[in-house]
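Shown below: data.txt, with compact mmCIF, C-alpha atoms.
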# COMPACT_ATOMS: atom_id res chain seq x y z
CA MET A 4 22.26 6.00 -6.52
CA MET A 5 20.07 5.67 -3.44
CA PHE A 6 17.02 6.54 -5.49
CA ALA A 7 17.90 3.82 -8.02
CA ALA A 8 18.23 1.23 -5.23
CA ALA A 9 14.94 2.30 -3.65
CA SER A 10 13.10 2.20 -6.98
CA LEU A 11 14.52 -1.30 -7.60
CA GLY A 12 13.02 -2.46 -4.29
CA ILE A 13 9.71 -0.82 -5.15
CA LEU A 14 9.68 -2.46 -8.60
CA VAL A 15 10.27 -5.93 -7.13
CA THR A 16 7.42 -5.34 -4.65
CA MET A 17 5.19 -4.26 -7.54
CA ALA A 18 6.01 -7.51 -9.35
CA LEU A 19 5.07 -9.51 -6.22
CA ALA A 20 1.77 -7.61 -5.89
CA LEU A 21 1.05 -8.15 -9.58
CA ALA A 22 1.68 -11.89 -9.15
CA ARG A 23 -0.91 -11.95 -6.34
CA ALA A 24 -3.34 -10.00 -8.54
CA PHE A 25 -2.97 -12.64 -11.27
CA LEU A 26 -3.15 -15.63 -8.89
CA GLY A 27 -6.30 -14.47 -7.11
CA PRO A 28 -8.04 -16.69 -6.02
CA THR A 29 -10.96 -14.45 -4.91
CA VAL A 30 -11.83 -11.06 -6.39
CA TYR A 31 -11.00 -9.43 -3.02
CA ASP A 32 -7.42 -10.73 -3.21
CA ARG A 33 -7.12 -9.08 -6.60
CA ILE A 34 -8.52 -5.78 -5.33
CA LEU A 35 -6.12 -5.86 -2.36
CA ALA A 36 -3.17 -6.55 -4.65
CA VAL A 37 -4.16 -3.81 -7.09
CA ASN A 38 -4.55 -1.35 -4.19
CA ALA A 39 -1.06 -2.22 -2.92
CA PHE A 40 0.23 -1.93 -6.49
CA GLY A 41 -1.27 1.57 -6.72
CA THR A 42 0.40 2.63 -3.46
CA LYS A 43 3.72 1.38 -4.81
CA THR A 44 3.11 3.31 -8.04
CA VAL A 45 2.71 6.52 -6.03
CA LEU A 46 6.03 5.84 -4.30
CA LEU A 47 7.72 4.90 -7.58
CA VAL A 48 6.59 8.14 -9.25
CA ALA A 49 7.87 10.15 -6.27
CA VAL A 50 11.24 8.35 -6.16
CA PHE A 51 11.59 8.52 -9.95
CA GLY A 52 11.06 12.28 -9.83
CA PHE A 53 14.04 12.55 -7.48
CA LEU A 54 16.06 10.08 -9.58
CA THR A 55 15.71 12.24 -12.71
CA GLU A 56 16.03 15.44 -10.60
CA ARG A 57 12.60 16.63 -11.63
CA PRO A 58 10.53 16.58 -8.39
CA ASP A 59 7.61 18.17 -10.27
CA PHE A 60 6.46 14.57 -10.72
CA LEU A 61 5.13 14.76 -7.16
CA ASP A 62 1.93 16.41 -8.41
CA ILE A 63 1.28 13.30 -10.50
CA ALA A 64 1.98 11.10 -7.47
CA LEU A 65 -0.52 13.06 -5.36
CA LEU A 66 -3.17 12.78 -8.05
CA TYR A 67 -2.47 9.07 -8.48
CA ALA A 68 -2.98 8.50 -4.75
CA LEU A 69 -6.39 10.21 -4.98
CA ILE A 70 -7.51 8.22 -8.03
CA ASN A 71 -6.23 4.97 -6.52
CA PHE A 72 -8.33 5.45 -3.37
CA VAL A 73 -11.50 6.46 -5.22
CA SER A 74 -11.22 3.60 -7.73
CA THR A 75 -10.63 1.03 -4.96
CA ILE A 76 -13.75 2.18 -3.11
CA ALA A 77 -15.79 2.23 -6.34
CA VAL A 78 -14.71 -1.28 -7.39
CA LEU A 79 -15.39 -2.59 -3.86
CA LYS A 80 -18.86 -1.10 -3.85
CA PHE A 81 -19.57 -2.61 -7.25
CA PHE A 82 -18.52 -6.09 -6.15
CA GLU A 83 -20.37 -5.80 -2.83
CA TYR A 84 -23.74 -4.69 -4.24
CA ARG A 85 -23.35 -5.34 -8.03
CA ASP A 86 -24.57 -1.75 -8.57
CA LEU A 87 -22.71 1.55 -8.19
CA GLY A 88 -25.97 3.41 -7.48
CA HIS A 89 -26.97 1.10 -4.62
CA PRO A 90 -27.88 3.12 -1.50
CA GLY A 91 -25.88 0.77 0.74
CA GLN A 92 -27.11 -1.30 3.64
CA GLU A 93 -30.82 -0.96 4.40
CA PRO A 94 -31.70 -0.36 8.07
CA GLY A 95 -32.50 -3.63 9.77
CA GLU A 96 -30.39 -5.65 7.35
CA SER A 97 -27.58 -7.36 9.23
CA MET B 23 29.87 19.06 0.86
CA SER B 24 29.32 20.03 4.47
CA ALA B 25 29.07 17.59 7.35
CA VAL B 26 25.34 18.24 7.75
CA ALA B 27 24.69 17.38 4.10
CA VAL B 28 26.64 14.12 4.45
CA LEU B 29 24.71 13.26 7.61
CA LEU B 30 21.40 13.97 5.88
CA ASP B 31 22.47 11.80 2.93
CA ILE B 32 23.35 8.88 5.22
CA LEU B 33 20.06 9.23 7.11
CA SER B 34 18.19 9.43 3.81
CA TRP B 35 19.94 6.27 2.55
CA ALA B 36 19.01 4.41 5.73
CA LEU B 37 15.36 5.50 5.59
CA LEU B 38 14.98 4.70 1.87
CA MET B 39 16.58 1.27 2.26
CA ALA B 40 14.48 0.48 5.34
CA GLY B 41 11.35 1.52 3.45
CA ALA B 42 12.29 -0.63 0.46
CA ALA B 43 13.01 -3.59 2.79
CA PHE B 44 9.63 -3.22 4.53
CA SER B 45 7.95 -3.00 1.11
CA LEU B 46 9.68 -6.19 0.00
CA VAL B 47 8.63 -8.02 3.17
CA GLY B 48 5.06 -6.79 2.64
CA GLY B 49 5.13 -7.94 -0.98
CA ILE B 50 6.40 -11.38 0.00
CA GLY B 51 3.65 -11.56 2.63
CA LEU B 52 1.07 -10.54 0.03
CA LEU B 53 2.20 -13.46 -2.12
CA ARG B 54 2.74 -16.17 0.48
CA LEU B 55 0.25 -15.72 3.35
CA PRO B 56 -2.62 -18.23 3.28
CA ASP B 57 -5.86 -16.20 3.01
CA LEU B 58 -7.24 -12.73 2.32
CA PHE B 59 -7.36 -11.52 5.91
CA THR B 60 -3.73 -12.38 6.54
CA ARG B 61 -2.70 -10.93 3.18
CA MET B 62 -4.21 -7.61 4.30
CA HIS B 63 -1.54 -7.62 7.00
CA GLY B 64 1.16 -7.67 4.31
CA ALA B 65 -0.55 -4.89 2.37
CA GLY B 66 -0.76 -2.87 5.61
CA LEU B 67 3.01 -3.14 5.99
CA ILE B 68 3.47 -1.69 2.49
CA ASP B 69 1.03 1.16 3.16
CA THR B 70 2.38 2.24 6.55
CA LEU B 71 6.08 1.58 7.11
CA GLY B 72 7.03 1.05 3.46
CA ALA B 73 5.42 4.26 2.21
CA GLY B 74 6.16 6.24 5.39
CA LEU B 75 9.90 5.53 5.55
CA ILE B 76 10.45 6.09 1.81
CA LEU B 77 8.55 9.40 1.85
CA ILE B 78 10.39 10.62 4.98
CA GLY B 79 13.69 9.69 3.29
CA LEU B 80 12.67 11.74 0.26
CA MET B 81 11.67 14.67 2.52
CA LEU B 82 15.23 14.80 3.88
CA GLN B 83 16.47 15.12 0.28
CA GLY B 84 13.85 17.73 -0.60
CA GLY B 85 14.88 20.14 2.17
CA ALA B 86 12.66 23.03 3.23
CA SER B 87 10.76 23.61 0.00
CA LEU B 88 7.47 23.03 -1.79
CA VAL B 89 8.65 19.50 -2.62
CA THR B 90 8.58 18.58 1.08
CA VAL B 91 5.11 20.04 1.47
CA LYS B 92 3.87 17.87 -1.39
CA LEU B 93 5.54 14.79 0.13
CA ILE B 94 3.84 15.51 3.49
CA LEU B 95 0.50 15.80 1.65
CA ILE B 96 1.06 12.42 -0.05
CA LEU B 97 2.03 10.85 3.29
CA LEU B 98 -1.04 12.26 5.08
CA PHE B 99 -3.28 11.16 2.24
CA ILE B 100 -1.93 7.59 2.25
CA PHE B 101 -2.22 7.43 6.05
CA PHE B 102 -5.88 8.42 5.91
CA THR B 103 -7.04 6.47 2.86
CA SER B 104 -5.20 3.17 3.32
CA PRO B 105 -7.03 2.10 6.54
CA THR B 106 -10.31 3.25 5.00
CA ALA B 107 -9.77 1.14 1.90
CA THR B 108 -8.67 -1.86 3.98
CA HIS B 109 -11.73 -1.55 6.21
CA ALA B 110 -14.04 -1.33 3.18
CA LEU B 111 -12.30 -4.37 1.68
CA ALA B 112 -12.73 -6.45 4.85
CA LYS B 113 -16.40 -5.43 5.10
CA ALA B 114 -17.03 -6.26 1.45
CA ALA B 115 -15.27 -9.62 1.80
CA LEU B 116 -17.30 -10.56 4.89
CA HIS B 117 -20.49 -9.38 3.15
CA GLY B 118 -19.51 -11.50 0.16
CA GLY B 119 -19.30 -14.60 2.36
CA LEU B 120 -15.55 -14.92 2.80
CA LYS B 121 -14.64 -16.25 6.26
CA PRO B 122 -11.26 -15.86 7.97
CA LEU B 123 -9.16 -19.01 7.93
CA LEU B 124 -9.09 -20.22 11.54
CA GLU B 125 -7.02 -23.03 12.94
CA GLN B 126 -8.97 -25.80 14.62
CA ARG B 127 -8.70 -25.57 18.41
CA GLU B 128 -6.80 -28.47 19.97
CA ASP B 129 -8.81 -28.57 23.21
CA LYS B 130 -11.94 -30.02 21.59
CA PRO B 131 -12.87 -33.52 22.78
CA SER B 132 -11.49 -35.99 20.25
CA LYS B 133 -13.57 -38.70 18.64
CA SER B 134 -11.73 -41.62 20.23
Since I need it in another form, could you write the structure as structure tokens?
Amino acid sequence: MMFAAASLGILVTMALALARAFLGPTVYDRILAVNAFGTKTVLLVAVFGFLTERPDFLDIALLYALINFVSTIAVLKFFEYRDLGHPGQEPGES
Amino acid sequence: MSAVAVLLDILSWALLMAGAAFSLVGGIGLLRLPDLFTRMHGAGLIDTLGAGLILIGLMLQGGASLVTVKLILILLFIFFTSPTATHALAKAALHGGLKPLLEQREDKPSKS
């Protein structure tokens, strides 16, 4: 019962984050919302594993947290430099 | 059901509900705050207290087992990556020309 209530709260939060991802207005708002959505997905997978009494789902949650972080950084780098192979900030550039 | 199990259940309820409440507040902030840099504050609430309280509540249900170890790993991972991602986001937004929304100071000389 407590897991159902917690997953309901998480689902509502996911809907709010998704609304922000659709509304924008800048690309950074969307990235922020998708990152928050990913964090909530990790929590939802963990809580859902307890809800169905199969906590093996936690491996998936751990992996999802990893992929969420890497994809956020990759998307941010792409939108900052328009190139994933960009070496980053040159010395002397402010 | 022993008294300790009941106590753990009640504590777990409280932590899970508090985590869900913090998540909801963070989600509302994500939707309603005025610009990106304030919205990051709402997302930070989801990543720290929302995730932390829910995962600690699940740890109490998991007991001393591999499940708890995995939950601690998830918690540690979120605690390390979420500030990193937020920092990278703020840097990219500033680099992309987005300025924080600042209120005009009232102590400027007026045009009268």
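If you look at CA of Gly49 in chain B and CA of Thr108 in chain B, they are 15.9 Å away from each other.
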Quick one: which residues from chain A are at most 7 Å off chain B, using all atoms listed in the file, as a PyMOL selection string? chain A and resi 5+9+12-13+16+19-20+23+31-32+39+42+46+58+61+65+72+75-76+79+83
Would you compute the box with edges along x, y and z of the file around range 97-103 of chain B, including every atom the file lists for it and 5 Å extra on each side, and give its centre and edge lengths in Å to one decimal, as AutoDock Vina command-line options?
--center_x -2.5 --center_y 9.4 --center_z 4.1 --size_x 19.1 --size_y 15.8 --size_z 13.8
Distance in Å - CA of Met81 in chain B versus CA of Ser74 in chain A: 27.4 Å
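Take CA of Met17 in chain A and CA of His63 in chain B: the distance between them is 16.4 Å.
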Given all atoms listed in the file as the basis, pick out the residue of A:Leu26, A:Ala68, A:Asp62, A:Arg57 nearest to Lys43 in chain A. A:Ala68
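Using all atoms listed in the file, the smallest distance between any of A:Leu69, A:Ile63, A:Val78, A:Val15 and Arg33 in chain A comes from A:Val78.
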Find the residues around Pro90 in chain A up to 12 Å (only C-alpha atoms counted), leave out those fewer than 6 positions away in its own chain, and share them as a JSON list (two decimals) with C-alpha atoms, keeping the file's coordinate frame.
[["chain", "number", "residue", "atom", "x", "y", "z"],
["A", 80, "LYS", "CA", -18.86, -1.10, -3.85],
["A", 81, "PHE", "CA", -19.57, -2.61, -7.25],
["A", 83, "GLU", "CA", -20.37, -5.80, -2.83],
["A", 84, "TYR", "CA", -23.74, -4.69, -4.24]]
